[in-house]
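Engineer: One file is attached below, data25.txt, containing compact mmCIF, N, CA and C atoms.
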```txt
# COMPACT_ATOMS: atom_id res chain seq x y z
N MET A 18 33.36 -66.80 186.53
CA MET A 18 33.31 -67.97 187.39
C MET A 18 32.79 -67.53 188.76
N SER A 19 31.80 -68.24 189.22
CA SER A 19 31.18 -67.88 190.49
C SER A 19 31.82 -68.63 191.66
N THR A 20 31.79 -67.99 192.81
CA THR A 20 32.19 -68.66 194.06
C THR A 20 31.01 -68.71 195.03
N SER A 21 29.85 -68.28 194.57
CA SER A 21 28.65 -68.23 195.41
C SER A 21 27.92 -69.57 195.39
N LEU A 22 27.60 -70.09 196.57
CA LEU A 22 26.82 -71.32 196.63
C LEU A 22 25.42 -71.10 196.07
N GLY A 23 24.97 -69.86 196.01
CA GLY A 23 23.68 -69.54 195.41
C GLY A 23 23.63 -69.82 193.91
N ALA A 24 24.79 -70.03 193.29
CA ALA A 24 24.84 -70.35 191.86
C ALA A 24 24.62 -71.84 191.60
N LEU A 25 24.63 -72.64 192.67
CA LEU A 25 24.39 -74.08 192.52
C LEU A 25 22.91 -74.36 192.32
N GLN A 26 22.60 -75.58 191.90
CA GLN A 26 21.20 -76.00 191.78
C GLN A 26 20.52 -75.79 193.14
N PRO A 27 19.30 -75.28 193.16
CA PRO A 27 18.63 -74.98 194.43
C PRO A 27 18.57 -76.17 195.39
N TRP A 28 18.32 -77.37 194.90
CA TRP A 28 18.23 -78.53 195.78
C TRP A 28 19.58 -78.90 196.41
N LEU A 29 20.70 -78.50 195.76
CA LEU A 29 22.04 -78.82 196.26
C LEU A 29 22.54 -77.79 197.28
N GLN A 30 22.03 -76.59 197.22
CA GLN A 30 22.53 -75.51 198.06
C GLN A 30 22.54 -75.81 199.56
N PRO A 31 21.49 -76.38 200.14
CA PRO A 31 21.55 -76.65 201.59
C PRO A 31 22.65 -77.63 201.97
N TYR A 32 22.88 -78.62 201.14
CA TYR A 32 23.94 -79.60 201.41
C TYR A 32 25.32 -78.95 201.29
N ALA A 33 25.49 -78.17 200.25
CA ALA A 33 26.77 -77.48 200.06
C ALA A 33 27.03 -76.50 201.20
N ARG A 34 26.00 -75.77 201.61
CA ARG A 34 26.16 -74.83 202.73
C ARG A 34 26.56 -75.57 204.01
N TYR A 35 25.97 -76.72 204.23
CA TYR A 35 26.32 -77.54 205.40
C TYR A 35 27.80 -77.92 205.36
N MET A 36 28.26 -78.40 204.20
CA MET A 36 29.66 -78.81 204.07
C MET A 36 30.60 -77.61 204.24
N VAL A 37 30.25 -76.50 203.64
CA VAL A 37 31.10 -75.31 203.74
C VAL A 37 31.11 -74.77 205.16
N GLN A 38 29.98 -74.85 205.85
CA GLN A 38 29.93 -74.39 207.24
C GLN A 38 30.90 -75.21 208.10
N ILE A 39 30.90 -76.51 207.92
CA ILE A 39 31.84 -77.36 208.65
C ILE A 39 33.27 -76.99 208.26
N ALA A 40 33.52 -76.87 206.99
CA ALA A 40 34.87 -76.64 206.47
C ALA A 40 35.43 -75.28 206.87
N SER A 41 34.58 -74.29 206.97
CA SER A 41 35.07 -72.93 207.25
C SER A 41 35.73 -72.83 208.63
N SER A 42 35.30 -73.66 209.56
CA SER A 42 35.93 -73.63 210.88
C SER A 42 37.36 -74.18 210.84
N TYR A 43 37.71 -74.81 209.71
CA TYR A 43 39.07 -75.33 209.51
C TYR A 43 39.85 -74.54 208.46
N GLY A 44 39.35 -73.35 208.15
CA GLY A 44 40.05 -72.48 207.22
C GLY A 44 39.78 -72.73 205.75
N ALA A 45 38.84 -73.58 205.43
CA ALA A 45 38.51 -73.88 204.03
C ALA A 45 37.67 -72.76 203.44
N HIS A 46 37.76 -72.62 202.12
CA HIS A 46 36.88 -71.68 201.44
C HIS A 46 36.60 -72.15 200.02
N VAL A 47 35.46 -71.72 199.49
CA VAL A 47 35.01 -72.09 198.15
C VAL A 47 35.77 -71.25 197.12
N THR A 48 36.28 -71.91 196.10
CA THR A 48 37.01 -71.21 195.04
C THR A 48 36.24 -71.19 193.72
N SER A 49 35.25 -72.07 193.57
CA SER A 49 34.50 -72.11 192.32
C SER A 49 33.20 -72.87 192.51
N THR A 50 32.14 -72.37 191.89
CA THR A 50 30.87 -73.10 191.84
C THR A 50 30.50 -73.24 190.36
N ARG A 51 29.48 -72.53 189.92
CA ARG A 51 29.04 -72.67 188.53
C ARG A 51 30.00 -71.95 187.57
N ARG A 52 30.25 -72.63 186.43
CA ARG A 52 31.05 -72.05 185.36
C ARG A 52 30.27 -72.15 184.06
N SER A 53 30.41 -71.15 183.23
CA SER A 53 29.81 -71.21 181.90
C SER A 53 30.64 -72.16 181.03
N ARG A 54 30.12 -72.55 179.90
CA ARG A 54 30.88 -73.41 178.98
C ARG A 54 32.16 -72.71 178.54
N LEU A 55 32.06 -71.40 178.30
CA LEU A 55 33.25 -70.63 177.91
C LEU A 55 34.29 -70.64 179.02
N GLU A 56 33.86 -70.41 180.25
CA GLU A 56 34.80 -70.43 181.38
C GLU A 56 35.45 -71.80 181.54
N GLN A 57 34.65 -72.86 181.36
CA GLN A 57 35.20 -74.22 181.45
C GLN A 57 36.20 -74.46 180.33
N SER A 58 35.90 -73.98 179.15
CA SER A 58 36.81 -74.13 178.01
C SER A 58 38.14 -73.43 178.27
N GLN A 59 38.05 -72.22 178.81
CA GLN A 59 39.27 -71.47 179.11
C GLN A 59 40.09 -72.15 180.20
N LEU A 60 39.42 -72.63 181.25
CA LEU A 60 40.11 -73.32 182.32
C LEU A 60 40.77 -74.60 181.80
N TYR A 61 40.06 -75.34 180.99
CA TYR A 61 40.59 -76.58 180.43
C TYR A 61 41.82 -76.31 179.57
N ALA A 62 41.76 -75.26 178.77
CA ALA A 62 42.90 -74.89 177.93
C ALA A 62 44.10 -74.47 178.79
N THR A 63 43.84 -73.69 179.81
CA THR A 63 44.91 -73.26 180.72
C THR A 63 45.56 -74.47 181.38
N CYS A 64 44.75 -75.40 181.83
CA CYS A 64 45.29 -76.60 182.49
C CYS A 64 46.03 -77.48 181.49
N GLY A 65 45.59 -77.47 180.26
CA GLY A 65 46.27 -78.23 179.21
C GLY A 65 47.68 -77.73 178.95
N HIS A 66 47.93 -76.48 179.29
CA HIS A 66 49.26 -75.90 179.15
C HIS A 66 50.09 -76.05 180.43
N GLY A 67 49.56 -76.81 181.39
CA GLY A 67 50.29 -77.05 182.63
C GLY A 67 50.27 -75.88 183.60
N GLU A 68 49.30 -75.00 183.47
CA GLU A 68 49.25 -73.80 184.29
C GLU A 68 48.23 -73.88 185.42
N CYS A 69 47.79 -75.09 185.76
CA CYS A 69 46.80 -75.27 186.84
C CYS A 69 47.35 -76.22 187.89
N ARG A 70 46.98 -75.97 189.10
CA ARG A 70 47.37 -76.86 190.19
C ARG A 70 46.47 -78.09 190.24
N TYR A 71 45.21 -77.91 189.82
CA TYR A 71 44.24 -79.00 189.87
C TYR A 71 43.73 -79.27 188.46
N PRO A 72 43.28 -80.50 188.19
CA PRO A 72 42.79 -80.83 186.85
C PRO A 72 41.45 -80.16 186.54
N ALA A 73 41.14 -80.06 185.27
CA ALA A 73 39.84 -79.53 184.83
C ALA A 73 39.26 -80.48 183.79
N ALA A 74 37.98 -80.71 183.88
CA ALA A 74 37.30 -81.58 182.91
C ALA A 74 37.15 -80.84 181.58
N PRO A 75 37.07 -81.60 180.50
CA PRO A 75 36.83 -80.96 179.21
C PRO A 75 35.46 -80.27 179.21
N PRO A 76 35.31 -79.22 178.41
CA PRO A 76 34.01 -78.56 178.30
C PRO A 76 32.92 -79.59 177.95
N GLY A 77 31.78 -79.43 178.59
CA GLY A 77 30.67 -80.36 178.36
C GLY A 77 30.70 -81.57 179.28
N HIS A 78 31.77 -81.72 180.07
CA HIS A 78 31.90 -82.87 180.96
C HIS A 78 32.07 -82.47 182.43
N SER A 79 31.84 -81.22 182.73
CA SER A 79 32.02 -80.73 184.10
C SER A 79 30.67 -80.46 184.74
N ARG A 80 30.50 -80.97 185.94
CA ARG A 80 29.27 -80.70 186.70
C ARG A 80 29.19 -79.22 187.11
N HIS A 81 30.32 -78.52 187.08
CA HIS A 81 30.29 -77.09 187.35
C HIS A 81 29.39 -76.36 186.35
N GLU A 82 29.36 -76.83 185.12
CA GLU A 82 28.59 -76.16 184.07
C GLU A 82 27.08 -76.24 184.31
N ILE A 83 26.65 -77.19 185.12
CA ILE A 83 25.22 -77.33 185.39
C ILE A 83 24.87 -77.06 186.85
N GLY A 84 25.82 -76.46 187.56
CA GLY A 84 25.56 -76.07 188.96
C GLY A 84 25.46 -77.22 189.91
N ARG A 85 26.17 -78.31 189.62
CA ARG A 85 26.13 -79.47 190.50
C ARG A 85 27.48 -79.79 191.12
N ALA A 86 28.40 -78.79 191.16
CA ALA A 86 29.71 -79.02 191.76
C ALA A 86 30.29 -77.72 192.29
N TRP A 87 31.14 -77.88 193.30
CA TRP A 87 31.90 -76.73 193.80
C TRP A 87 33.29 -77.21 194.19
N ASP A 88 34.23 -76.29 194.15
CA ASP A 88 35.60 -76.56 194.58
C ASP A 88 35.85 -75.80 195.88
N MET A 89 36.57 -76.47 196.77
CA MET A 89 36.84 -75.89 198.08
C MET A 89 38.28 -76.24 198.44
N VAL A 90 39.06 -75.24 198.85
CA VAL A 90 40.44 -75.50 199.24
C VAL A 90 40.58 -75.50 200.76
N ALA A 91 41.45 -76.39 201.21
CA ALA A 91 41.74 -76.54 202.64
C ALA A 91 42.97 -77.43 202.76
N HIS A 92 43.43 -77.61 203.97
CA HIS A 92 44.51 -78.55 204.23
C HIS A 92 44.08 -79.93 203.71
N PRO A 93 45.00 -80.70 203.10
CA PRO A 93 44.64 -82.02 202.56
C PRO A 93 43.93 -82.93 203.56
N TYR A 94 44.34 -82.91 204.82
CA TYR A 94 43.67 -83.75 205.83
C TYR A 94 42.21 -83.34 205.97
N VAL A 95 41.96 -82.04 206.02
CA VAL A 95 40.58 -81.54 206.13
C VAL A 95 39.77 -81.96 204.92
N LEU A 96 40.36 -81.84 203.72
CA LEU A 96 39.65 -82.24 202.51
C LEU A 96 39.31 -83.73 202.52
N ARG A 97 40.22 -84.56 202.99
CA ARG A 97 39.94 -86.00 203.05
C ARG A 97 38.78 -86.29 204.00
N GLN A 98 38.75 -85.62 205.12
CA GLN A 98 37.67 -85.82 206.09
C GLN A 98 36.33 -85.34 205.51
N LEU A 99 36.36 -84.16 204.89
CA LEU A 99 35.15 -83.62 204.27
C LEU A 99 34.69 -84.49 203.12
N GLY A 100 35.64 -84.97 202.32
CA GLY A 100 35.31 -85.84 201.20
C GLY A 100 34.64 -87.12 201.66
N ALA A 101 35.17 -87.71 202.73
CA ALA A 101 34.57 -88.93 203.27
C ALA A 101 33.15 -88.66 203.76
N LEU A 102 32.94 -87.55 204.44
CA LEU A 102 31.61 -87.18 204.90
C LEU A 102 30.67 -86.98 203.71
N TRP A 103 31.13 -86.25 202.70
CA TRP A 103 30.31 -85.98 201.52
C TRP A 103 29.90 -87.28 200.84
N GLU A 104 30.81 -88.22 200.74
CA GLU A 104 30.48 -89.50 200.11
C GLU A 104 29.50 -90.31 200.98
N ARG A 105 29.63 -90.22 202.30
CA ARG A 105 28.69 -90.93 203.19
C ARG A 105 27.27 -90.43 203.03
N ILE A 106 27.11 -89.14 202.70
CA ILE A 106 25.75 -88.61 202.56
C ILE A 106 25.29 -88.62 201.10
N GLY A 107 26.05 -89.30 200.23
CA GLY A 107 25.59 -89.54 198.86
C GLY A 107 26.26 -88.73 197.78
N GLY A 108 27.19 -87.85 198.10
CA GLY A 108 27.86 -87.06 197.09
C GLY A 108 29.07 -87.78 196.50
N THR A 109 29.69 -87.13 195.54
CA THR A 109 30.91 -87.64 194.93
C THR A 109 32.02 -86.65 195.23
N TRP A 110 33.11 -87.17 195.75
CA TRP A 110 34.26 -86.33 196.07
C TRP A 110 35.40 -86.68 195.13
N GLY A 111 36.05 -85.67 194.61
CA GLY A 111 37.21 -85.89 193.75
C GLY A 111 36.89 -85.98 192.27
N GLY A 112 35.64 -86.21 191.93
CA GLY A 112 35.27 -86.29 190.52
C GLY A 112 35.98 -87.43 189.80
N ARG A 113 35.91 -87.40 188.49
CA ARG A 113 36.51 -88.45 187.67
C ARG A 113 38.03 -88.31 187.55
N PHE A 114 38.57 -87.19 188.00
CA PHE A 114 39.99 -86.93 187.82
C PHE A 114 40.77 -86.97 189.13
N GLY A 115 40.14 -87.42 190.23
CA GLY A 115 40.83 -87.47 191.52
C GLY A 115 41.21 -86.11 192.05
N ASP A 116 40.36 -85.16 191.83
CA ASP A 116 40.60 -83.76 192.20
C ASP A 116 40.15 -83.54 193.64
N GLU A 117 41.08 -83.42 194.57
CA GLU A 117 40.75 -83.38 196.00
C GLU A 117 39.92 -82.18 196.44
N ILE A 118 39.86 -81.14 195.65
CA ILE A 118 39.08 -79.95 196.04
C ILE A 118 37.66 -79.99 195.48
N HIS A 119 37.33 -81.02 194.70
CA HIS A 119 36.08 -81.08 193.93
C HIS A 119 35.00 -81.90 194.65
N PHE A 120 33.85 -81.26 194.85
CA PHE A 120 32.68 -81.90 195.46
C PHE A 120 31.53 -81.78 194.48
N GLU A 121 30.86 -82.90 194.20
CA GLU A 121 29.76 -82.85 193.24
C GLU A 121 28.62 -83.76 193.64
N ALA A 122 27.47 -83.49 193.01
CA ALA A 122 26.27 -84.32 193.22
C ALA A 122 25.74 -84.73 191.87
```
What does this structure look like when you write it as structure tokens?
Structural biologist:
Amino acid sequence: MSTSLGALQPWLQPYARYMVQIASSYGAHVTSTRRSRLEQSQLYATCGHGECRYPAAPPGHSRHEIGRAWDMVAHPYVLRQLGALWERIGGTWGGRFGDEIHFEA
């Protein structure tokens, strides 16, 4: 599992870098970017056993698998502000599962 923004789709990288640059001044950091199908399967299985703090999409349904999503942890207030900004510029925050650390395009 990658944490590098360079693993995202090339067209998404400048936007993600902008968001992370803003977030880093508030102590936020990226915890995940691109995942392989196997990594997504393992994460989904782990979460299915109640061993995850945040939800995971089933394999084949995660934008992480195609380099169009990243997860970033921060104080909930910071995440709400960043999520609102991301949505204003056309992104999706929270994904289909209401995951506060999830940013996707």
Engineer: Find, counting all atoms listed in the file, the residue in A:Gly84, A:Gly100, A:Gly115, A:Gly107 that gets nearest to Gln26 of chain A.
Structural biologist: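 Using all atoms listed in the file, Gln26 of chain A sits closest to A:Gly84.
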Engineer: Have a look at atom CA of Leu99 of chain A and atom CA of Ala45 of chain A and let me know their distance in Å, one decimal.
Structural biologist: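 Value for the atom CA of Leu99 of chain A-atom CA of Ala45 of chain A distance: 10.3 Å.
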Engineer: I'd like to know which of A:Ile106, A:Ala74, A:Met89, A:Ile118 is closest to Gln38 of chain A, using only C-alpha atoms.
Structural biologist: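 Smallest separation from Gln38 of chain A among the options: A:Met89.
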Engineer: Go ahead and compute the interatomic distance for atom CA of Gly65 of chain A and atom CA of Arg80 of chain A, in Å to one decimal.
Structural biologist: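 Distance between the two atoms: 18.7 Å.
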Engineer: Between A:Cys64, A:Ala73, A:Val47, A:Ile39, which is the closest to Gly112 of chain A once you count only C-alpha atoms?
Structural biologist: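 Going through A:Cys64, A:Ala73, A:Val47, A:Ile39 one by one, the smallest distance to Gly112 of chain A is for A:Ala73.
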Engineer: With distances taken over all atoms listed in the file, which of A:Met36, A:Arg51, A:Asp88, A:His46 is nearest to Met18 of chain A?
Structural biologist: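 Checking each candidate against Met18 of chain A, we get A:Arg51 as the closest.
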Engineer: Taking only segment 36-94 of chain A into account, list the residues labelled alpha helix (DSSP H) by DSSP (computed from the backbone), as number ranges by chain.
Structural biologist: A: 36-41, 54-65, 93-94
Engineer: What is the atom C of Tyr35 of chain A-atom CA of Arg54 of chain A distance in Å, reported with one decimal?
Structural biologist: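 Between these atoms lies a distance of 26.9 Å.
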Engineer: Within 6 Å of Pro76 of chain A, counting only N, CA and C atoms, which residues qualify if same-chain residues fewer than 2 places away don't, as a short mmCIF file (atom, residue, chain, number, x, y, z; two decimals) with N, CA and C atoms, in the frame of the given file?
Structural biologist:
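In the end it all went to part-v8.cif:
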```
data_model
loop_
_atom_site.label_atom_id
_atom_site.label_comp_id
_atom_site.auth_asym_id
_atom_site.auth_seq_id
_atom_site.Cartn_x
_atom_site.Cartn_y
_atom_site.Cartn_z
N GLN A 57 34.65 -72.86 181.36
CA GLN A 57 35.20 -74.22 181.45
C GLN A 57 36.20 -74.46 180.33
N SER A 58 35.90 -73.98 179.15
CA SER A 58 36.81 -74.13 178.01
C SER A 58 38.14 -73.43 178.27
N ALA A 74 37.98 -80.71 183.88
CA ALA A 74 37.30 -81.58 182.91
C ALA A 74 37.15 -80.84 181.58
N HIS A 78 31.77 -81.72 180.07
CA HIS A 78 31.90 -82.87 180.96
C HIS A 78 32.07 -82.47 182.43
N SER A 79 31.84 -81.22 182.73
CA SER A 79 32.02 -80.73 184.10
C SER A 79 30.67 -80.46 184.74
#
```
Engineer: Mind listing the strand (DSSP E or B) residues of chain A, per DSSP on the backbone, as a list in words?
Structural biologist: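 Going through chain A, the strand (DSSP E or B) residues come out as His46, Val47, Thr48, Ser49, Ala86, Trp87, Asp88, Met89, Val90, Thr109, Trp110, His119, Phe120 and Glu121 of chain A.
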Engineer: Go through A:Val95, A:Val90, A:Ala40, A:Ala101 and flag the residue nearest Arg70 of chain A, using only C-alpha atoms for the distances.
Structural biologist: A:Val90
Engineer: I'd like the neighbourhood of segment 20-24 of chain A as a list of chain:residue names, where a residue qualifies if any of its atoms comes within 8 Å (using only N, CA and C atoms), though same-chain residues fewer than 6 positions away should be ignored.
Structural biologist: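 Counting only the stated atoms, we get A:Gln30, A:Pro31, A:Ala33, A:Arg34, A:Val47, A:Thr48, A:Ser49, A:Thr50, A:Arg51, A:Arg52, A:Ile83, A:Gly84, A:Arg85, A:Ala86, A:Trp87, A:Asp88.
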Engineer: May I ask which of the residues A:Glu56, A:Glu117, A:Leu29, A:Ala122 is the closest one to His92 of chain A, counting only C-alpha atoms?
Structural biologist: A:Glu117
